[in-house]
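Everything below concerns the one structure shown next.
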Amino acid sequence: MSFVQILSAFRLYGADVLLLALGVTLTVSLLKKTVFKRLPKKVFVFLPFLVGLVFYAGFRAIVTLSADPFTRDLAHTLEGGFACGCAATLYYVIYEQFIRGRSLSPLYPLLEGIVPQEAREEAAKSLYEGSENMTETERVEYFKTHLNTFADPPMSEEELAETALLLAKFLSSLERK
């Protein structure tokens, strides 16, 4: 989606939904980094919609000072909650695609399962920048020396040698293109 297409999607929602969706986006982001950090990533697809429903239902109950959003107006509450989830997802897409702006090292996805998520970006950047302008053989030795400082749990010598070779070959293949 282009930026203009994303912005045109926001025309569908009212100010209440857009403001609640901002809160939903921030809440989901916080939950992903704290309480739910061990959950499979597939769960996070549905989390904005669930949190959006809770936020919108609470908002409607406060505004109407009644239980109608949970009884007579349940369809309206479900629709608003879904809209909050959609708008929150759009906020997240805008953030990831246009605002975040930092480029990850090409080694980042390869370090999944080796380096914990909270240290992976730093490790990928450090290993990538430290191995620039090296030959493939030099990179293998560099990775053997430095990779275990980030790995959790530490790798065996055999795992370290294989991983270092994989990372070095991967970077070499990128340079050839």
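Chain lettering (A, B, ...) mirrors the order of the structure tokens, residue numbering begins at 1 for each chain separately, and ligand numbering begins at 1 in order of display.
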
Alpha helix (DSSP H) positions in segment 77-161 of chain A, given as a PDB file with N, CA, C and O atoms, in the first residue's frame:
ATOM      1  N   THR A  77     -21.183  -1.806  19.156  1.00  0.00           N
ATOM      2  CA  THR A  77     -19.940  -1.950  19.917  1.00  0.00           C
ATOM      3  C   THR A  77     -18.961  -2.856  19.180  1.00  0.00           C
ATOM      4  O   THR A  77     -17.767  -2.546  19.088  1.00  0.00           O
ATOM      5  N   LEU A  78     -19.440  -3.964  18.645  1.00  0.00           N
ATOM      6  CA  LEU A  78     -18.572  -4.873  17.887  1.00  0.00           C
ATOM      7  C   LEU A  78     -18.012  -4.190  16.650  1.00  0.00           C
ATOM      8  O   LEU A  78     -16.834  -4.334  16.321  1.00  0.00           O
ATOM      9  N   GLU A  79     -18.859  -3.439  15.969  1.00  0.00           N
ATOM     10  CA  GLU A  79     -18.428  -2.721  14.765  1.00  0.00           C
ATOM     11  C   GLU A  79     -17.361  -1.677  15.113  1.00  0.00           C
ATOM     12  O   GLU A  79     -16.336  -1.562  14.440  1.00  0.00           O
ATOM     13  N   GLY A  80     -17.581  -0.924  16.187  1.00  0.00           N
ATOM     14  CA  GLY A  80     -16.606   0.088  16.610  1.00  0.00           C
ATOM     15  C   GLY A  80     -15.300  -0.535  17.079  1.00  0.00           C
ATOM     16  O   GLY A  80     -14.219  -0.011  16.815  1.00  0.00           O
ATOM     17  N   GLY A  81     -15.398  -1.657  17.788  1.00  0.00           N
ATOM     18  CA  GLY A  81     -14.200  -2.351  18.244  1.00  0.00           C
ATOM     19  C   GLY A  81     -13.380  -2.871  17.082  1.00  0.00           C
ATOM     20  O   GLY A  81     -12.147  -2.780  17.075  1.00  0.00           O
ATOM     21  N   PHE A  82     -14.066  -3.419  16.079  1.00  0.00           N
ATOM     22  CA  PHE A  82     -13.373  -3.893  14.881  1.00  0.00           C
ATOM     23  C   PHE A  82     -12.723  -2.722  14.146  1.00  0.00           C
ATOM     24  O   PHE A  82     -11.585  -2.828  13.674  1.00  0.00           O
ATOM     25  N   ALA A  83     -13.418  -1.601  14.072  1.00  0.00           N
ATOM     26  CA  ALA A  83     -12.868  -0.406  13.426  1.00  0.00           C
ATOM     27  C   ALA A  83     -11.623   0.081  14.160  1.00  0.00           C
ATOM     28  O   ALA A  83     -10.635   0.475  13.535  1.00  0.00           O
ATOM     29  N   CYS A  84     -11.650   0.037  15.498  1.00  0.00           N
ATOM     30  CA  CYS A  84     -10.466   0.420  16.281  1.00  0.00           C
ATOM     31  C   CYS A  84      -9.291  -0.497  15.955  1.00  0.00           C
ATOM     32  O   CYS A  84      -8.155  -0.040  15.812  1.00  0.00           O
ATOM     33  N   GLY A  85      -9.555  -1.797  15.845  1.00  0.00           N
ATOM     34  CA  GLY A  85      -8.500  -2.744  15.499  1.00  0.00           C
ATOM     35  C   GLY A  85      -7.932  -2.481  14.112  1.00  0.00           C
ATOM     36  O   GLY A  85      -6.715  -2.538  13.904  1.00  0.00           O
ATOM     37  N   CYS A  86      -8.818  -2.172  13.172  1.00  0.00           N
ATOM     38  CA  CYS A  86      -8.362  -1.867  11.803  1.00  0.00           C
ATOM     39  C   CYS A  86      -7.503  -0.603  11.774  1.00  0.00           C
ATOM     40  O   CYS A  86      -6.430  -0.582  11.157  1.00  0.00           O
ATOM     41  N   ALA A  87      -7.985   0.439  12.426  1.00  0.00           N
ATOM     42  CA  ALA A  87      -7.230   1.697  12.441  1.00  0.00           C
ATOM     43  C   ALA A  87      -5.895   1.517  13.179  1.00  0.00           C
ATOM     44  O   ALA A  87      -4.874   2.066  12.762  1.00  0.00           O
ATOM     45  N   ALA A  88      -5.898   0.737  14.254  1.00  0.00           N
ATOM     46  CA  ALA A  88      -4.649   0.476  14.992  1.00  0.00           C
ATOM     47  C   ALA A  88      -3.654  -0.267  14.102  1.00  0.00           C
ATOM     48  O   ALA A  88      -2.454   0.015  14.130  1.00  0.00           O
ATOM     49  N   THR A  89      -4.152  -1.201  13.316  1.00  0.00           N
ATOM     50  CA  THR A  89      -3.289  -1.928  12.387  1.00  0.00           C
ATOM     51  C   THR A  89      -2.716  -0.976  11.341  1.00  0.00           C
ATOM     52  O   THR A  89      -1.536  -1.066  10.985  1.00  0.00           O
ATOM     53  N   LEU A  90      -3.527  -0.047  10.858  1.00  0.00           N
ATOM     54  CA  LEU A  90      -3.036   0.948   9.900  1.00  0.00           C
ATOM     55  C   LEU A  90      -1.970   1.839  10.534  1.00  0.00           C
ATOM     56  O   LEU A  90      -0.967   2.166   9.896  1.00  0.00           O
ATOM     57  N   TYR A  91      -2.189   2.243  11.783  1.00  0.00           N
ATOM     58  CA  TYR A  91      -1.165   3.033  12.482  1.00  0.00           C
ATOM     59  C   TYR A  91       0.148   2.259  12.542  1.00  0.00           C
ATOM     60  O   TYR A  91       1.221   2.816  12.314  1.00  0.00           O
ATOM     61  N   TYR A  92       0.057   0.990  12.875  1.00  0.00           N
ATOM     62  CA  TYR A  92       1.258   0.165  12.981  1.00  0.00           C
ATOM     63  C   TYR A  92       1.964   0.053  11.632  1.00  0.00           C
ATOM     64  O   TYR A  92       3.191   0.146  11.553  1.00  0.00           O
ATOM     65  N   VAL A  93       1.204  -0.126  10.557  1.00  0.00           N
ATOM     66  CA  VAL A  93       1.792  -0.224   9.218  1.00  0.00           C
ATOM     67  C   VAL A  93       2.496   1.083   8.852  1.00  0.00           C
ATOM     68  O   VAL A  93       3.613   1.071   8.332  1.00  0.00           O
ATOM     69  N   ILE A  94       1.859   2.196   9.140  1.00  0.00           N
ATOM     70  CA  ILE A  94       2.486   3.493   8.857  1.00  0.00           C
ATOM     71  C   ILE A  94       3.781   3.634   9.633  1.00  0.00           C
ATOM     72  O   ILE A  94       4.811   4.046   9.095  1.00  0.00           O
ATOM     73  N   GLN A 117      15.799 -11.724  21.164  1.00  0.00           N
ATOM     74  CA  GLN A 117      15.210 -10.639  20.385  1.00  0.00           C
ATOM     75  C   GLN A 117      15.665  -9.261  20.854  1.00  0.00           C
ATOM     76  O   GLN A 117      15.944  -8.394  20.030  1.00  0.00           O
ATOM     77  N   GLU A 118      15.756  -9.054  22.167  1.00  0.00           N
ATOM     78  CA  GLU A 118      16.121  -7.725  22.660  1.00  0.00           C
ATOM     79  C   GLU A 118      17.555  -7.325  22.319  1.00  0.00           C
ATOM     80  O   GLU A 118      17.881  -6.158  22.302  1.00  0.00           O
ATOM     81  N   ALA A 119      18.413  -8.287  21.994  1.00  0.00           N
ATOM     82  CA  ALA A 119      19.803  -7.985  21.643  1.00  0.00           C
ATOM     83  C   ALA A 119      20.101  -8.231  20.171  1.00  0.00           C
ATOM     84  O   ALA A 119      21.207  -7.959  19.705  1.00  0.00           O
ATOM     85  N   ARG A 120      19.116  -8.733  19.429  1.00  0.00           N
ATOM     86  CA  ARG A 120      19.359  -9.157  18.051  1.00  0.00           C
ATOM     87  C   ARG A 120      19.738  -7.994  17.134  1.00  0.00           C
ATOM     88  O   ARG A 120      20.653  -8.107  16.319  1.00  0.00           O
ATOM     89  N   GLU A 121      19.060  -6.867  17.254  1.00  0.00           N
ATOM     90  CA  GLU A 121      19.360  -5.742  16.368  1.00  0.00           C
ATOM     91  C   GLU A 121      20.781  -5.230  16.594  1.00  0.00           C
ATOM     92  O   GLU A 121      21.524  -4.988  15.644  1.00  0.00           O
ATOM     93  N   GLU A 122      21.162  -5.102  17.856  1.00  0.00           N
ATOM     94  CA  GLU A 122      22.517  -4.650  18.184  1.00  0.00           C
ATOM     95  C   GLU A 122      23.560  -5.655  17.695  1.00  0.00           C
ATOM     96  O   GLU A 122      24.589  -5.274  17.130  1.00  0.00           O
ATOM     97  N   ALA A 123      23.290  -6.943  17.888  1.00  0.00           N
ATOM     98  CA  ALA A 123      24.225  -7.987  17.457  1.00  0.00           C
ATOM     99  C   ALA A 123      24.372  -7.985  15.940  1.00  0.00           C
ATOM    100  O   ALA A 123      25.496  -8.057  15.419  1.00  0.00           O
ATOM    101  N   ALA A 124      23.261  -7.903  15.233  1.00  0.00           N
ATOM    102  CA  ALA A 124      23.303  -7.910  13.769  1.00  0.00           C
ATOM    103  C   ALA A 124      24.089  -6.711  13.239  1.00  0.00           C
ATOM    104  O   ALA A 124      24.920  -6.852  12.336  1.00  0.00           O
ATOM    105  N   LYS A 125      23.838  -5.562  13.829  1.00  0.00           N
ATOM    106  CA  LYS A 125      24.547  -4.351  13.397  1.00  0.00           C
ATOM    107  C   LYS A 125      26.043  -4.461  13.694  1.00  0.00           C
ATOM    108  O   LYS A 125      26.879  -4.161  12.840  1.00  0.00           O
ATOM    109  N   SER A 126      26.376  -4.908  14.884  1.00  0.00           N
ATOM    110  CA  SER A 126      27.773  -5.030  15.285  1.00  0.00           C
ATOM    111  C   SER A 126      28.524  -6.035  14.406  1.00  0.00           C
ATOM    112  O   SER A 126      29.637  -5.752  13.935  1.00  0.00           O
ATOM    113  N   LEU A 127      27.928  -7.194  14.187  1.00  0.00           N
ATOM    114  CA  LEU A 127      28.581  -8.218  13.370  1.00  0.00           C
ATOM    115  C   LEU A 127      28.712  -7.774  11.915  1.00  0.00           C
ATOM    116  O   LEU A 127      29.729  -8.010  11.267  1.00  0.00           O
ATOM    117  N   TYR A 128      27.677  -7.119  11.415  1.00  0.00           N
ATOM    118  CA  TYR A 128      27.696  -6.679  10.015  1.00  0.00           C
ATOM    119  C   TYR A 128      28.742  -5.584   9.809  1.00  0.00           C
ATOM    120  O   TYR A 128      29.564  -5.658   8.892  1.00  0.00           O
ATOM    121  N   GLU A 129      28.712  -4.575  10.654  1.00  0.00           N
ATOM    122  CA  GLU A 129      29.660  -3.470  10.500  1.00  0.00           C
ATOM    123  C   GLU A 129      31.096  -3.913  10.786  1.00  0.00           C
ATOM    124  O   GLU A 129      32.031  -3.426  10.164  1.00  0.00           O
ATOM    125  N   GLY A 130      31.263  -4.826  11.727  1.00  0.00           N
ATOM    126  CA  GLY A 130      32.598  -5.306  12.055  1.00  0.00           C
ATOM    127  C   GLY A 130      33.221  -6.154  10.967  1.00  0.00           C
ATOM    128  O   GLY A 130      34.439  -6.292  10.895  1.00  0.00           O
ATOM    129  N   GLU A 136      35.569 -13.525   2.537  1.00  0.00           N
ATOM    130  CA  GLU A 136      34.700 -14.532   3.137  1.00  0.00           C
ATOM    131  C   GLU A 136      35.431 -15.311   4.233  1.00  0.00           C
ATOM    132  O   GLU A 136      34.872 -15.567   5.305  1.00  0.00           O
ATOM    133  N   THR A 137      36.665 -15.648   4.006  1.00  0.00           N
ATOM    134  CA  THR A 137      37.453 -16.400   4.988  1.00  0.00           C
ATOM    135  C   THR A 137      37.683 -15.569   6.253  1.00  0.00           C
ATOM    136  O   THR A 137      37.564 -16.080   7.375  1.00  0.00           O
ATOM    137  N   GLU A 138      37.992 -14.295   6.070  1.00  0.00           N
ATOM    138  CA  GLU A 138      38.189 -13.410   7.223  1.00  0.00           C
ATOM    139  C   GLU A 138      36.892 -13.258   8.022  1.00  0.00           C
ATOM    140  O   GLU A 138      36.914 -13.219   9.254  1.00  0.00           O
ATOM    141  N   ARG A 139      35.780 -13.192   7.301  1.00  0.00           N
ATOM    142  CA  ARG A 139      34.480 -13.075   7.967  1.00  0.00           C
ATOM    143  C   ARG A 139      34.179 -14.310   8.816  1.00  0.00           C
ATOM    144  O   ARG A 139      33.661 -14.182   9.924  1.00  0.00           O
ATOM    145  N   VAL A 140      34.467 -15.483   8.281  1.00  0.00           N
ATOM    146  CA  VAL A 140      34.207 -16.715   9.037  1.00  0.00           C
ATOM    147  C   VAL A 140      34.952 -16.649  10.372  1.00  0.00           C
ATOM    148  O   VAL A 140      34.372 -16.930  11.434  1.00  0.00           O
ATOM    149  N   GLU A 141      36.219 -16.267  10.338  1.00  0.00           N
ATOM    150  CA  GLU A 141      37.005 -16.184  11.573  1.00  0.00           C
ATOM    151  C   GLU A 141      36.468 -15.093  12.502  1.00  0.00           C
ATOM    152  O   GLU A 141      36.406 -15.269  13.719  1.00  0.00           O
ATOM    153  N   TYR A 142      36.083 -13.973  11.915  1.00  0.00           N
ATOM    154  CA  TYR A 142      35.524 -12.875  12.715  1.00  0.00           C
ATOM    155  C   TYR A 142      34.246 -13.322  13.425  1.00  0.00           C
ATOM    156  O   TYR A 142      34.065 -13.078  14.621  1.00  0.00           O
ATOM    157  N   PHE A 143      33.350 -13.995  12.681  1.00  0.00           N
ATOM    158  CA  PHE A 143      32.098 -14.460  13.270  1.00  0.00           C
ATOM    159  C   PHE A 143      32.344 -15.531  14.336  1.00  0.00           C
ATOM    160  O   PHE A 143      31.678 -15.557  15.363  1.00  0.00           O
ATOM    161  N   LYS A 144      33.304 -16.418  14.103  1.00  0.00           N
ATOM    162  CA  LYS A 144      33.641 -17.433  15.109  1.00  0.00           C
ATOM    163  C   LYS A 144      34.081 -16.771  16.414  1.00  0.00           C
ATOM    164  O   LYS A 144      33.769 -17.243  17.498  1.00  0.00           O
ATOM    165  N   THR A 145      34.831 -15.690  16.285  1.00  0.00           N
ATOM    166  CA  THR A 145      35.360 -15.001  17.456  1.00  0.00           C
ATOM    167  C   THR A 145      34.285 -14.201  18.197  1.00  0.00           C
ATOM    168  O   THR A 145      34.268 -14.183  19.423  1.00  0.00           O
ATOM    169  N   HIS A 146      33.380 -13.546  17.451  1.00  0.00           N
ATOM    170  CA  HIS A 146      32.465 -12.584  18.075  1.00  0.00           C
ATOM    171  C   HIS A 146      31.028 -13.056  18.254  1.00  0.00           C
ATOM    172  O   HIS A 146      30.290 -12.445  19.035  1.00  0.00           O
ATOM    173  N   GLU A 157      31.324 -25.471  19.569  1.00  0.00           N
ATOM    174  CA  GLU A 157      32.311 -25.121  18.540  1.00  0.00           C
ATOM    175  C   GLU A 157      31.812 -25.494  17.150  1.00  0.00           C
ATOM    176  O   GLU A 157      32.007 -24.751  16.191  1.00  0.00           O
ATOM    177  N   GLU A 158      31.165 -26.646  17.042  1.00  0.00           N
ATOM    178  CA  GLU A 158      30.650 -27.093  15.741  1.00  0.00           C
ATOM    179  C   GLU A 158      29.525 -26.175  15.255  1.00  0.00           C
ATOM    180  O   GLU A 158      29.510 -25.768  14.092  1.00  0.00           O
ATOM    181  N   GLU A 159      28.605 -25.829  16.143  1.00  0.00           N
ATOM    182  CA  GLU A 159      27.510 -24.912  15.774  1.00  0.00           C
ATOM    183  C   GLU A 159      28.061 -23.543  15.403  1.00  0.00           C
ATOM    184  O   GLU A 159      27.611 -22.919  14.436  1.00  0.00           O
ATOM    185  N   LEU A 160      29.043 -23.104  16.145  1.00  0.00           N
ATOM    186  CA  LEU A 160      29.660 -21.806  15.896  1.00  0.00           C
ATOM    187  C   LEU A 160      30.326 -21.773  14.525  1.00  0.00           C
ATOM    188  O   LEU A 160      30.159 -20.820  13.761  1.00  0.00           O
ATOM    189  N   ALA A 161      31.052 -22.830  14.187  1.00  0.00           N
ATOM    190  CA  ALA A 161      31.735 -22.897  12.890  1.00  0.00           C
ATOM    191  C   ALA A 161      30.717 -22.908  11.741  1.00  0.00           C
ATOM    192  O   ALA A 161      30.903 -22.190  10.746  1.00  0.00           O
TER     193      ALA A 161
END

Separation of atom CA of Leu104 of chain A and atom CA of Lys41 of chain A, in Å?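 Computing it gives 18.9 Å between the two atoms.
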
Quick one: distance from atom CA of Lys42 of chain A to atom CA of Val115 of chain A in Å, one decimal?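 Separation of atom CA of Lys42 of chain A and atom CA of Val115 of chain A: 20.7 Å.
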
Which polymer residues have any atom within 12 Å of an atom of Ser29 of chain A, counting only C-alpha atoms, with same-chain residues fewer than 2 positions away left out, as a ChimeraX atom specification? /A:22-27,31-37,44-45,47-48,51,88-89,91-92,95-96

Write to file, as a compact mmCIF listing (two decimals), in the first residue's frame, the residues of the selection just made, with N, CA, C and O atoms.
# COMPACT_ATOMS: atom_id res chain seq x y z
N LEU A 22 -5.26 4.84 18.42
CA LEU A 22 -3.91 5.24 18.81
C LEU A 22 -3.56 4.61 20.16
O LEU A 22 -2.46 4.08 20.35
N GLY A 23 -4.50 4.65 21.09
CA GLY A 23 -4.30 3.99 22.38
C GLY A 23 -4.14 2.49 22.24
O GLY A 23 -3.33 1.86 22.93
N VAL A 24 -4.91 1.89 21.33
CA VAL A 24 -4.82 0.45 21.08
C VAL A 24 -3.44 0.11 20.54
O VAL A 24 -2.81 -0.86 20.98
N THR A 25 -2.94 0.90 19.60
CA THR A 25 -1.62 0.66 19.02
C THR A 25 -0.53 0.70 20.09
O THR A 25 0.33 -0.18 20.15
N LEU A 26 -0.59 1.71 20.94
CA LEU A 26 0.41 1.83 22.00
C LEU A 26 0.29 0.69 23.01
O LEU A 26 1.30 0.13 23.46
N THR A 27 -0.93 0.32 23.36
CA THR A 27 -1.15 -0.77 24.31
C THR A 27 -0.66 -2.10 23.75
O THR A 27 0.02 -2.86 24.44
N LEU A 31 2.22 -4.47 25.24
CA LEU A 31 1.94 -5.87 25.58
C LEU A 31 2.88 -6.82 24.85
O LEU A 31 3.32 -7.82 25.41
N LYS A 32 3.19 -6.51 23.58
CA LYS A 32 4.09 -7.37 22.80
C LYS A 32 5.48 -7.41 23.40
O LYS A 32 6.16 -8.42 23.33
N LYS A 33 5.90 -6.31 23.99
CA LYS A 33 7.26 -6.24 24.53
C LYS A 33 7.36 -6.69 25.98
O LYS A 33 8.45 -6.89 26.47
N THR A 34 6.22 -6.85 26.65
CA THR A 34 6.28 -7.23 28.07
C THR A 34 5.53 -8.54 28.32
O THR A 34 6.13 -9.60 28.31
N VAL A 35 4.26 -8.46 28.52
CA VAL A 35 3.45 -9.59 28.96
C VAL A 35 3.40 -10.72 27.94
O VAL A 35 3.52 -11.90 28.30
N PHE A 36 3.24 -10.39 26.67
CA PHE A 36 3.04 -11.40 25.64
C PHE A 36 4.26 -11.66 24.79
O PHE A 36 4.15 -12.15 23.67
N LYS A 37 5.46 -11.37 25.26
CA LYS A 37 6.63 -11.48 24.39
C LYS A 37 6.97 -12.92 24.01
O LYS A 37 7.65 -13.15 23.04
N PHE A 44 -0.41 -11.98 17.45
CA PHE A 44 -0.39 -10.52 17.38
C PHE A 44 -1.20 -9.97 16.21
O PHE A 44 -1.46 -8.77 16.16
N VAL A 45 -1.60 -10.82 15.30
CA VAL A 45 -2.47 -10.39 14.21
C VAL A 45 -3.85 -10.04 14.77
O VAL A 45 -4.49 -9.09 14.33
N LEU A 47 -4.56 -9.48 18.16
CA LEU A 47 -4.51 -8.70 19.38
C LEU A 47 -5.05 -7.28 19.23
O LEU A 47 -5.81 -6.82 20.10
N PRO A 48 -4.75 -6.52 18.16
CA PRO A 48 -5.32 -5.18 18.04
C PRO A 48 -6.85 -5.18 17.99
O PRO A 48 -7.49 -4.27 18.51
N VAL A 51 -8.09 -5.95 21.70
CA VAL A 51 -7.87 -4.77 22.54
C VAL A 51 -8.77 -3.62 22.06
O VAL A 51 -9.33 -2.89 22.88
N ALA A 88 -5.90 0.74 14.25
CA ALA A 88 -4.65 0.48 14.99
C ALA A 88 -3.65 -0.27 14.10
O ALA A 88 -2.45 0.02 14.13
N THR A 89 -4.15 -1.20 13.32
CA THR A 89 -3.29 -1.93 12.39
C THR A 89 -2.72 -0.98 11.34
O THR A 89 -1.54 -1.07 10.99
N TYR A 91 -2.19 2.24 11.78
CA TYR A 91 -1.17 3.03 12.48
C TYR A 91 0.15 2.26 12.54
O TYR A 91 1.22 2.82 12.31
N TYR A 92 0.06 0.99 12.88
CA TYR A 92 1.26 0.16 12.98
C TYR A 92 1.96 0.05 11.63
O TYR A 92 3.19 0.15 11.55
N TYR A 95 3.75 3.27 10.90
CA TYR A 95 4.96 3.36 11.72
C TYR A 95 6.07 2.49 11.15
O TYR A 95 7.21 2.95 10.99
N GLU A 96 5.77 1.24 10.85
CA GLU A 96 6.79 0.31 10.36
C GLU A 96 7.33 0.71 8.99
O GLU A 96 8.52 0.59 8.74

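If you look at atom CA of Ala75 of chain A and atom CA of Ala61 of chain A, they are 13.8 Å away from each other.
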